[in-house]
Amino acid sequence: MERWSGRVALVTGASAGIGAAVAYQLQDHGVHVVAVARRVDKIEEAVAKAKQDAKSRGRYHETKAKPGKLYAKKCDVSKEEDILALFKWIKETLGGVDILVNNAALGKDTGLTDAPTEDWKMQLDLNVLGLSICTREAVQNMRARGVDDGHIIHISSGAGHSVAFHEGAMYAATKHAVMALTEGLRKDFVEHKSNMKVSCVSPGLVKTEFLNNLPKFNTKEFHKMPALYSEDVGEAVLYALGTPPHVQIHEIIIKPVGETL
């Protein structure tokens with residue numbers, strides 16, 4: 001990770017859970033982190049809490065790097081105008097990004113035969129289009145600056161490989177799309193003879209606020225199921241970033257021991 005010290009990462013969905021964990025882990029390795037979310041007032045607190053939670057579980061790893069800076073910025077990744085304004089600020093303030101972690105996502109436990117269209121649109125706008133717009137802007141920024149070792153990381157899901165519940169089929173469809181977008185971007189880099197990398201991290205159930213949007217599953221029984229912690233996913237991100245220049249981690253699938261989904 002030493003080669004990333006002093007460089008810039010953009011992490012979306014950083015006001016809780018996986019995004020907050022990835023933000024503190026990158027910052028601890030000397031990366032300057034632009035952490036974005038709709039709830040900008042919660043970002044710094046969430047990042048600090050994620051770090052403290054990892055320490056309390058004995059999962060915090062000290063590094064010798066001088067910590068990078070944290071820039072908390074407001075951005076609704078489902079809105080193109082917000083994303084474009086964010087990248088304009090990054091270009092003017094920091095020059096550009098070298099790492100993009102597309103973490104922001106939304107799930108709704110609504111079915112395919114009775115759900116309102118808006119529930120589907122919200123998931124597609126954020127999980128697929130927002131991710132794609134962030135990726136486009138990041139890659140264009142890197143190419144304009146002559147950066148050829150940048151890294152795009154998509155946080156997908158086990159739902160990108162299977163449909164555990166019919167109520168989650170649209171969410172699963174968005175994550176299947178992320179898998180296709182990962183492979184498509186890899187082939188784009190190959191065609192451009194670029195050394196940039198793209199990786200996808202697909203975790204199983206993670207203990208985060210994500211279940212708050214899924215009332216059918218946000219139950220005592222569901223919370224008793226085996227689950228990962230946010231820092232587990234963050235460590236997978238660090239692993240992908242820490243590989244030698246000739247090695248690309250295309251996908252990492254992480255499941256908690258005993259997962260039945």
# chains A, B, ... in the order shown; residues from 1 in each chain; ligands from 1
call {"tool": "closest_atom_pairs", "arguments": {"of": "region 126-227 of chain A", "to": "region 85-92 of chain A", "cutoff": "10 Å", "atoms": "only C-alpha atoms", "output": "CSV"}}
result
residue,atom,partner,partner_atom,distance
A:Cys134,CA,A:Phe87,CA,8.5
A:Glu137,CA,A:Phe87,CA,7.1
A:Ala138,CA,A:Phe87,CA,7.8
A:Asn141,CA,A:Lys91,CA,7.9
call {"tool": "write_last_selection", "arguments": {"atoms": "N, CA and C atoms", "output": "PDB file, in the first residue's frame"}}
result
ATOM      1  N   CYS A 134     -19.836   7.827 -11.916  1.00  0.00           N
ATOM      2  CA  CYS A 134     -18.627   8.032 -11.109  1.00  0.00           C
ATOM      3  C   CYS A 134     -17.418   7.397 -11.786  1.00  0.00           C
ATOM      4  N   GLU A 137     -16.330   9.468 -14.907  1.00  0.00           N
ATOM      5  CA  GLU A 137     -15.659  10.715 -14.549  1.00  0.00           C
ATOM      6  C   GLU A 137     -14.272  10.453 -13.972  1.00  0.00           C
ATOM      7  N   ALA A 138     -14.142   9.405 -13.164  1.00  0.00           N
ATOM      8  CA  ALA A 138     -12.842   9.084 -12.571  1.00  0.00           C
ATOM      9  C   ALA A 138     -11.839   8.675 -13.642  1.00  0.00           C
ATOM     10  N   ASN A 141     -10.801  11.593 -15.785  1.00  0.00           N
ATOM     11  CA  ASN A 141      -9.887  12.454 -15.035  1.00  0.00           C
ATOM     12  C   ASN A 141      -8.480  11.858 -15.015  1.00  0.00           C
TER      13      ASN A 141
END
call {"tool": "select_by_dssp", "arguments": {"residues": "region 26-152 of chain A", "states": "helix (DSSP H, G or I)", "output": "ChimeraX atom specification"}}
result
/A:26-28,40-56,80-94,117-145
call {"tool": "write_last_selection", "arguments": {"atoms": "C-alpha atoms", "output": "short mmCIF file (atom, residue, chain, number, x, y, z; two decimals), in the first residue's frame"}}
result
data_model
loop_
_atom_site.label_atom_id
_atom_site.label_comp_id
_atom_site.auth_asym_id
_atom_site.auth_seq_id
_atom_site.Cartn_x
_atom_site.Cartn_y
_atom_site.Cartn_z
CA LEU A 26 -7.29 4.10 3.28
CA GLN A 27 -6.63 7.19 5.38
CA ASP A 28 -4.52 5.13 7.81
CA VAL A 40 -22.38 14.79 4.94
CA ASP A 41 -22.73 15.75 8.61
CA LYS A 42 -22.41 12.08 9.59
CA ILE A 43 -19.30 11.19 7.59
CA GLU A 44 -16.52 12.16 10.00
CA GLU A 45 -18.37 10.65 12.95
CA ALA A 46 -19.07 7.44 11.02
CA VAL A 47 -15.44 7.08 9.92
CA ALA A 48 -14.22 7.58 13.51
CA LYS A 49 -16.81 5.10 14.80
CA ALA A 50 -15.84 2.48 12.20
CA LYS A 51 -12.23 2.76 13.34
CA GLN A 52 -13.17 2.50 17.01
CA ASP A 53 -15.45 -0.48 16.37
CA ALA A 54 -12.62 -2.29 14.61
CA LYS A 55 -10.34 -1.57 17.57
CA SER A 56 -12.92 -2.91 20.02
CA GLU A 80 -25.61 13.22 -12.15
CA GLU A 81 -25.39 16.93 -11.39
CA ASP A 82 -24.09 16.16 -7.88
CA ILE A 83 -21.45 13.80 -9.25
CA LEU A 84 -20.25 16.28 -11.87
CA ALA A 85 -20.03 19.05 -9.26
CA LEU A 86 -18.06 16.73 -6.97
CA PHE A 87 -15.51 15.84 -9.65
CA LYS A 88 -15.17 19.52 -10.55
CA TRP A 89 -14.32 20.25 -6.90
CA ILE A 90 -11.85 17.36 -6.75
CA LYS A 91 -10.11 18.53 -9.95
CA GLU A 92 -9.87 22.13 -8.76
CA THR A 93 -8.86 21.28 -5.19
CA LEU A 94 -6.88 18.04 -5.33
CA THR A 117 -41.82 1.78 -10.19
CA GLU A 118 -40.08 4.37 -8.03
CA ASP A 119 -38.60 1.64 -5.82
CA TRP A 120 -37.01 0.02 -8.86
CA LYS A 121 -35.83 3.35 -10.28
CA MET A 122 -34.14 4.37 -7.03
CA GLN A 123 -32.04 1.20 -7.04
CA LEU A 124 -31.13 1.42 -10.72
CA ASP A 125 -30.27 5.14 -10.54
CA LEU A 126 -27.89 4.66 -7.61
CA ASN A 127 -26.53 1.12 -7.92
CA VAL A 128 -26.01 1.11 -11.68
CA LEU A 129 -26.16 4.57 -13.24
CA GLY A 130 -24.54 6.42 -10.33
CA LEU A 131 -21.74 3.87 -10.21
CA SER A 132 -21.25 4.17 -13.96
CA ILE A 133 -21.16 7.97 -13.96
CA CYS A 134 -18.63 8.03 -11.11
CA THR A 135 -16.52 5.49 -12.99
CA ARG A 136 -16.64 7.46 -16.24
CA GLU A 137 -15.66 10.71 -14.55
CA ALA A 138 -12.84 9.08 -12.57
CA VAL A 139 -11.35 7.34 -15.61
CA GLN A 140 -11.60 10.45 -17.78
CA ASN A 141 -9.89 12.45 -15.03
CA MET A 142 -7.09 9.88 -14.76
CA ARG A 143 -6.54 9.75 -18.51
CA ALA A 144 -6.47 13.55 -18.78
CA ARG A 145 -3.73 13.63 -16.10
#
call {"tool": "residues_around", "arguments": {"residues": "region 249-259 of chain A", "least_positions_apart": "4", "cutoff": "12 Å", "atoms": "only C-alpha atoms", "output": "VMD selection string"}}
result
chain A and resid 151 to 161 164 178 to 187 196 to 207 222 224 to 245
call {"tool": "decode", "arguments": {"residues": "region 35-55 of chain A", "atoms": "N, CA and C atoms", "output": "PDB file, in the first residue's frame"}}
result
ATOM      1  N   ALA A  35     -14.484  11.486   1.088  1.00  0.00           N
ATOM      2  CA  ALA A  35     -15.562  10.610   1.546  1.00  0.00           C
ATOM      3  C   ALA A  35     -16.886  11.320   1.315  1.00  0.00           C
ATOM      4  N   VAL A  36     -17.772  10.708   0.536  1.00  0.00           N
ATOM      5  CA  VAL A  36     -19.005  11.400   0.159  1.00  0.00           C
ATOM      6  C   VAL A  36     -20.243  10.600   0.550  1.00  0.00           C
ATOM      7  N   ALA A  37     -21.310  11.334   0.780  1.00  0.00           N
ATOM      8  CA  ALA A  37     -22.614  10.751   1.108  1.00  0.00           C
ATOM      9  C   ALA A  37     -23.640  11.862   1.079  1.00  0.00           C
ATOM     10  N   ARG A  38     -24.892  11.487   1.092  1.00  0.00           N
ATOM     11  CA  ARG A  38     -25.942  12.497   1.196  1.00  0.00           C
ATOM     12  C   ARG A  38     -25.938  13.131   2.579  1.00  0.00           C
ATOM     13  N   ARG A  39     -25.634  12.317   3.593  1.00  0.00           N
ATOM     14  CA  ARG A  39     -25.614  12.802   4.981  1.00  0.00           C
ATOM     15  C   ARG A  39     -24.192  13.237   5.342  1.00  0.00           C
ATOM     16  N   VAL A  40     -23.763  14.363   4.779  1.00  0.00           N
ATOM     17  CA  VAL A  40     -22.377  14.788   4.938  1.00  0.00           C
ATOM     18  C   VAL A  40     -22.015  15.043   6.402  1.00  0.00           C
ATOM     19  N   ASP A  41     -23.000  15.448   7.197  1.00  0.00           N
ATOM     20  CA  ASP A  41     -22.728  15.745   8.610  1.00  0.00           C
ATOM     21  C   ASP A  41     -22.378  14.495   9.413  1.00  0.00           C
ATOM     22  N   LYS A  42     -22.667  13.328   8.875  1.00  0.00           N
ATOM     23  CA  LYS A  42     -22.410  12.080   9.590  1.00  0.00           C
ATOM     24  C   LYS A  42     -21.105  11.393   9.173  1.00  0.00           C
ATOM     25  N   ILE A  43     -20.446  11.906   8.146  1.00  0.00           N
ATOM     26  CA  ILE A  43     -19.299  11.191   7.591  1.00  0.00           C
ATOM     27  C   ILE A  43     -18.149  11.084   8.585  1.00  0.00           C
ATOM     28  N   GLU A  44     -17.680  12.203   9.113  1.00  0.00           N
ATOM     29  CA  GLU A  44     -16.516  12.162   9.997  1.00  0.00           C
ATOM     30  C   GLU A  44     -16.800  11.314  11.237  1.00  0.00           C
ATOM     31  N   GLU A  45     -17.992  11.457  11.788  1.00  0.00           N
ATOM     32  CA  GLU A  45     -18.373  10.654  12.948  1.00  0.00           C
ATOM     33  C   GLU A  45     -18.410   9.167  12.599  1.00  0.00           C
ATOM     34  N   ALA A  46     -18.957   8.843  11.434  1.00  0.00           N
ATOM     35  CA  ALA A  46     -19.065   7.439  11.021  1.00  0.00           C
ATOM     36  C   ALA A  46     -17.691   6.823  10.784  1.00  0.00           C
ATOM     37  N   VAL A  47     -16.785   7.582  10.177  1.00  0.00           N
ATOM     38  CA  VAL A  47     -15.436   7.079   9.922  1.00  0.00           C
ATOM     39  C   VAL A  47     -14.714   6.814  11.241  1.00  0.00           C
ATOM     40  N   ALA A  48     -14.838   7.757  12.186  1.00  0.00           N
ATOM     41  CA  ALA A  48     -14.216   7.577  13.506  1.00  0.00           C
ATOM     42  C   ALA A  48     -14.812   6.377  14.236  1.00  0.00           C
ATOM     43  N   LYS A  49     -16.133   6.213  14.132  1.00  0.00           N
ATOM     44  CA  LYS A  49     -16.805   5.099  14.804  1.00  0.00           C
ATOM     45  C   LYS A  49     -16.372   3.766  14.194  1.00  0.00           C
ATOM     46  N   ALA A  50     -16.259   3.715  12.864  1.00  0.00           N
ATOM     47  CA  ALA A  50     -15.840   2.484  12.196  1.00  0.00           C
ATOM     48  C   ALA A  50     -14.455   2.064  12.680  1.00  0.00           C
ATOM     49  N   LYS A  51     -13.592   3.044  12.850  1.00  0.00           N
ATOM     50  CA  LYS A  51     -12.232   2.765  13.335  1.00  0.00           C
ATOM     51  C   LYS A  51     -12.268   2.260  14.776  1.00  0.00           C
ATOM     52  N   GLN A  52     -13.070   2.908  15.610  1.00  0.00           N
ATOM     53  CA  GLN A  52     -13.171   2.497  17.011  1.00  0.00           C
ATOM     54  C   GLN A  52     -13.805   1.114  17.140  1.00  0.00           C
ATOM     55  N   ASP A  53     -14.813   0.840  16.330  1.00  0.00           N
ATOM     56  CA  ASP A  53     -15.454  -0.477  16.370  1.00  0.00           C
ATOM     57  C   ASP A  53     -14.459  -1.575  16.010  1.00  0.00           C
ATOM     58  N   ALA A  54     -13.630  -1.304  15.006  1.00  0.00           N
ATOM     59  CA  ALA A  54     -12.619  -2.289  14.615  1.00  0.00           C
ATOM     60  C   ALA A  54     -11.629  -2.513  15.757  1.00  0.00           C
ATOM     61  N   LYS A  55     -11.249  -1.440  16.429  1.00  0.00           N
ATOM     62  CA  LYS A  55     -10.337  -1.572  17.569  1.00  0.00           C
ATOM     63  C   LYS A  55     -10.962  -2.412  18.669  1.00  0.00           C
TER      64      LYS A  55
END
